[in-house]
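Single-structure report; data block below.
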Amino acid sequence: MSICLKLMNKMSCKVICLLALLTFNVQAQEGHFADPLKIHGFVAQGVIDVDNSNFVNDDGEISLKLTEIGLNTSYQLSDDYRFAAQAVYLNGGNRYNEGLRIDYFLIDWNAYSSEQWQANLYVGRFKNAHWLHSSTRDIPFARPSILLPQGTYFDGFRDIAIGGDGAALKLTYNSDEYGEFDFNFSRGKSPIDSDDSEVILSNFAQGNIEHELDTQASFYWRPVFSQWRFGLTLLDSEFNYMGESPDFFVDGRFVFQFYTMNALYEGEHWEFTTEILQTRFLTEGFYAPQYHQDNIGQGGYFQAVYKVDQQLKFIGRYENFYTNKDDKQGDKLQQQSFGTVPDYFAYQHDAMLGFSYDFSDGLRVNAEYHWVKGTARLNPIVLPNPEANSEHWKMWAIQLMYWF
Amino acid sequence: MVLAVFFGSPTIYAVDVITNITADTASITTTQLRRIYSMRQIKWANGVPITIFVLSSTHPTHQKFCKDTLRLFPYQLDRIWDKLTFSGMGISPTVVMSEKALIKAVQSTTGAIGYIENINEVSDVNLLKIDE
């Protein structure tokens, strides 16, 4: 399965062509009301400008590296089996590796279905459906802002966090008395190619990093007729780095554990969201054979959205993130690195204001401004670059998007 | 009580719910309707798969149906459907262009469900009684 999916990565272009062909086929079949074949997609292009940080580019100029294109298909094979796939092209500058990828490619088996219960098993490459925005983080119109809070949705980990090759289970239960319950469980691993390694580990890393099997679970509850929804998520994953000779780094092992709690309120005009997180990031080796670091990071954000009418909405968000809860000001970080890594690489706080306007069904513009303090969530995360990144940095972005 | 204030009287429905005759059901509860439209129930009690037809989310009938019948805001349903569609975890309802097309789709599709104003003009569909 894993080898097949690696090959699929190289065949992304062909898959996009195939999906385009299927789109044509669907158009040719218009008039069939319940077609088993469904096609959807999106195109988004933006402008982004970042001052005093290399979040997007190294020269600090206004950039067009804010492109997202996607096409997906779903085909109902029978009452209980369905095939689904999505290919995307992304260009976000330094945020993640530019290019095509297969986001998901799976068989969905509806194993059990009743008025109260539903159980689905997804096998193949599945998308991470655990966090509040994880399954729509690269879908421009389905996420709350152009840039998501980096504490939880760090762009550098995008390709690892977006999903995995393996299996996922979704179990839903509906109670007329207690509300709606969702339980998700998944096990899988993400293929990491050399371009991904470079984004995360810098171009000094000559070796290979491998994602060992990771386990994720989440639980969501919406009380009966409530406008609130609450969730809990858990992630446990491990990565191994195999150094080459010669190499700037040595063999290493990383353990990444991630726990979040979230709450969402959906009112007619107001919408409130919060996600609180705790991470454990264990590093053994990598920088030196005896190197050992075990940090507990913490963070969270609060977001408010005000919908003026059906077209216009305003958004505001404040996020805090610390890589080590016992070193929130970064003193130890600076000390342990003999001054080479400034203290502000220990945290990242982001205040954001923005708006979105819908011109029509499927056509929207988003705009936002960020004031950021700290640089803990900038690539390459293992090799901070103090020359390109100041403690205080700002950015604005505007993105136009179309979807169907 | 709070919801009733927000959404008006729960017993008066401005929009009627219709199904294909194969759905084999005469009445439905509001919670069951919410389950169906949020894709949490995908088969009828007799095992027939449910096919959902909707108007665009800006259509006045859709808005009335969401708020008055489902007691949900249209954007909440859009969010659920987009999440399913773009994560590969499920499918979203089929959007039709007009109420006339919606009636035709429900009439001709096994297990279909839809909604419509002015039910007097429609035949060959089940008109569901909505129980609290």
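Ordering of the structure tokens sets the chain letters (A, B, ...), residue numbers begin anew at 1 in every chain, and ligands are numbered from 1 in the order given.
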Distance-based interface of chain B with chain A, 8 Å, counting only C-alpha atoms, as a PyMOL selection string: chain B and resi 3+31-32+35+40-45+49+51+58+71+73+76+79+82-83+85-89+91+94+105+109
Test item: residues at most 8 Å from Val48 of chain B, only C-alpha atoms, excluding those fewer than 5 positions along its chain, as a PyMOL selection string: chain B and resi 22-23+43+110-111
Test item: residues at most 10 Å from segment 379-396 of chain A, only C-alpha atoms, excluding those fewer than 2 positions along its chain, as a PyMOL selection string: chain A and resi 47-60+62+94-96+146-147+154-157+197-204+286-287+340-345+347-354+367-377+398
Backbone-only DSSP, strand (DSSP E or B) members of segment 218-354 of chain A, as a PyMOL selection string: chain A and resi 218-222+228-242+252-266+270-285+292-307+312-322+347-354
Might you pull out every residue within 9 Å of Asp16 of chain B, with only C-alpha atoms counted and same-chain residues fewer than 4 positions away left off, and present them as a PDB file with N, CA and C atoms, in the first residue's frame?
ATOM      1  N   PHE B  65     -36.031  26.903   5.304  1.00  0.00           N
ATOM      2  CA  PHE B  65     -36.012  25.500   5.722  1.00  0.00           C
ATOM      3  C   PHE B  65     -34.969  25.278   6.826  1.00  0.00           C
ATOM      4  N   THR B  69     -37.204  24.955  10.065  1.00  0.00           N
ATOM      5  CA  THR B  69     -37.454  23.522  10.208  1.00  0.00           C
ATOM      6  C   THR B  69     -36.297  22.822  10.915  1.00  0.00           C
ATOM      7  N   GLY B 114     -36.435  16.148  -0.108  1.00  0.00           N
ATOM      8  CA  GLY B 114     -36.246  17.546  -0.469  1.00  0.00           C
ATOM      9  C   GLY B 114     -37.258  18.393   0.281  1.00  0.00           C
ATOM     10  N   TYR B 115     -37.335  19.658  -0.065  1.00  0.00           N
ATOM     11  CA  TYR B 115     -38.275  20.555   0.605  1.00  0.00           C
ATOM     12  C   TYR B 115     -38.834  21.525  -0.412  1.00  0.00           C
ATOM     13  N   ILE B 116     -40.008  22.056  -0.108  1.00  0.00           N
ATOM     14  CA  ILE B 116     -40.668  22.904  -1.089  1.00  0.00           C
ATOM     15  C   ILE B 116     -41.708  23.770  -0.396  1.00  0.00           C
ATOM     16  N   GLU B 117     -41.922  24.955  -0.935  1.00  0.00           N
ATOM     17  CA  GLU B 117     -43.034  25.783  -0.461  1.00  0.00           C
ATOM     18  C   GLU B 117     -44.219  25.526  -1.385  1.00  0.00           C
ATOM     19  N   ASN B 118     -45.408  25.749  -0.890  1.00  0.00           N
ATOM     20  CA  ASN B 118     -46.602  25.612  -1.726  1.00  0.00           C
ATOM     21  C   ASN B 118     -46.776  24.187  -2.231  1.00  0.00           C
ATOM     22  N   ILE B 119     -46.961  23.249  -1.284  1.00  0.00           N
ATOM     23  CA  ILE B 119     -47.020  21.834  -1.592  1.00  0.00           C
ATOM     24  C   ILE B 119     -48.243  21.438  -2.430  1.00  0.00           C
ATOM     25  N   LEU B 127     -45.614  13.559   1.372  1.00  0.00           N
ATOM     26  CA  LEU B 127     -45.497  14.783   2.165  1.00  0.00           C
ATOM     27  C   LEU B 127     -45.345  14.357   3.624  1.00  0.00           C
ATOM     28  N   LEU B 128     -44.228  14.682   4.227  1.00  0.00           N
ATOM     29  CA  LEU B 128     -43.963  14.189   5.580  1.00  0.00           C
ATOM     30  C   LEU B 128     -44.558  15.096   6.642  1.00  0.00           C
ATOM     31  N   LYS B 129     -45.150  14.444   7.654  1.00  0.00           N
ATOM     32  CA  LYS B 129     -45.609  15.180   8.827  1.00  0.00           C
ATOM     33  C   LYS B 129     -44.396  15.319   9.743  1.00  0.00           C
ATOM     34  N   ILE B 130     -44.139  16.536  10.206  1.00  0.00           N
ATOM     35  CA  ILE B 130     -42.963  16.738  11.062  1.00  0.00           C
ATOM     36  C   ILE B 130     -43.376  16.756  12.522  1.00  0.00           C
TER      37      ILE B 130
END
Separation of atom CA of Ser186 of chain A from atom CA of Tyr37 of chain B in Å: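 So the two atoms, atom CA of Tyr37 of chain B and atom CA of Ser186 of chain A, lie 25.7 Å apart.
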Gap from atom CA of Glu319 of chain A to atom CA of Ser218 of chain A - Å, one decimal: 22.1 Å
Coordinates-based distance that separates atom CA of Tyr265 of chain A from atom CA of Lys67 of chain B (Å, one decimal):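 Interatomic distance here is 16.3 Å.
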Nearby residues (only C-alpha atoms) at most 10 Å from segment 298-304 of chain A, same-chain spacing under 4 positions excluded, as a PyMOL selection string: chain A and resi 144+149-152+258-265+270-280+314-326+328+347-353
Filtering to C-alpha atoms, could you give me those residues as an mmCIF file, in the first residue's frame?
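Final file, again_39.cif:
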data_model
loop_
_atom_site.group_PDB
_atom_site.id
_atom_site.type_symbol
_atom_site.label_atom_id
_atom_site.label_comp_id
_atom_site.auth_asym_id
_atom_site.auth_seq_id
_atom_site.Cartn_x
_atom_site.Cartn_y
_atom_site.Cartn_z
ATOM 1 C CA PRO A 144 -11.688 30.656 8.780
ATOM 2 C CA PRO A 149 -3.064 29.769 13.861
ATOM 3 C CA GLN A 150 0.448 28.369 13.549
ATOM 4 C CA GLY A 151 0.608 26.897 17.053
ATOM 5 C CA THR A 152 -1.892 24.229 16.053
ATOM 6 C CA PHE A 258 -0.124 16.672 20.586
ATOM 7 C CA TYR A 259 -3.296 17.132 22.629
ATOM 8 C CA THR A 260 -5.999 19.700 21.985
ATOM 9 C CA MET A 261 -9.340 20.746 23.439
ATOM 10 C CA ASN A 262 -11.672 22.867 21.386
ATOM 11 C CA ALA A 263 -15.019 24.626 21.588
ATOM 12 C CA LEU A 264 -17.085 26.167 18.821
ATOM 13 C CA TYR A 265 -20.152 28.413 19.079
ATOM 14 C CA TRP A 270 -21.474 35.695 16.097
ATOM 15 C CA GLU A 271 -19.187 32.730 15.963
ATOM 16 C CA PHE A 272 -16.568 31.911 18.613
ATOM 17 C CA THR A 273 -13.804 29.330 18.394
ATOM 18 C CA THR A 274 -11.078 28.277 20.751
ATOM 19 C CA GLU A 275 -8.475 25.527 20.603
ATOM 20 C CA ILE A 276 -6.087 24.908 23.489
ATOM 21 C CA LEU A 277 -3.085 22.686 22.923
ATOM 22 C CA GLN A 278 -0.264 20.936 24.707
ATOM 23 C CA THR A 279 2.621 19.296 22.849
ATOM 24 C CA ARG A 280 5.510 17.082 23.827
ATOM 25 C CA PHE A 314 -15.200 40.265 10.073
ATOM 26 C CA ILE A 315 -12.747 38.084 11.952
ATOM 27 C CA GLY A 316 -10.413 38.693 14.880
ATOM 28 C CA ARG A 317 -8.077 36.215 16.565
ATOM 29 C CA TYR A 318 -5.392 36.145 19.201
ATOM 30 C CA GLU A 319 -2.992 33.248 19.556
ATOM 31 C CA ASN A 320 -0.285 32.359 22.083
ATOM 32 C CA PHE A 321 2.270 29.609 21.583
ATOM 33 C CA TYR A 322 5.287 28.510 23.666
ATOM 34 C CA THR A 323 7.629 25.696 22.614
ATOM 35 C CA ASN A 324 8.561 25.004 26.242
ATOM 36 C CA LYS A 325 6.181 25.783 29.089
ATOM 37 C CA ASP A 326 9.153 25.895 31.495
ATOM 38 C CA LYS A 328 8.277 30.839 28.169
ATOM 39 C CA TYR A 347 7.362 31.704 21.521
ATOM 40 C CA GLN A 348 5.066 33.072 18.836
ATOM 41 C CA HIS A 349 2.031 35.256 19.545
ATOM 42 C CA ASP A 350 -0.175 36.425 16.712
ATOM 43 C CA ALA A 351 -2.940 39.046 16.728
ATOM 44 C CA MET A 352 -5.024 39.066 13.551
ATOM 45 C CA LEU A 353 -7.844 41.142 12.071
#
Alpha helix (DSSP H) positions in chain B, given as an MDAnalysis selection string: chainID B and resid 2:7 30:37 60:64 74:87 99:108
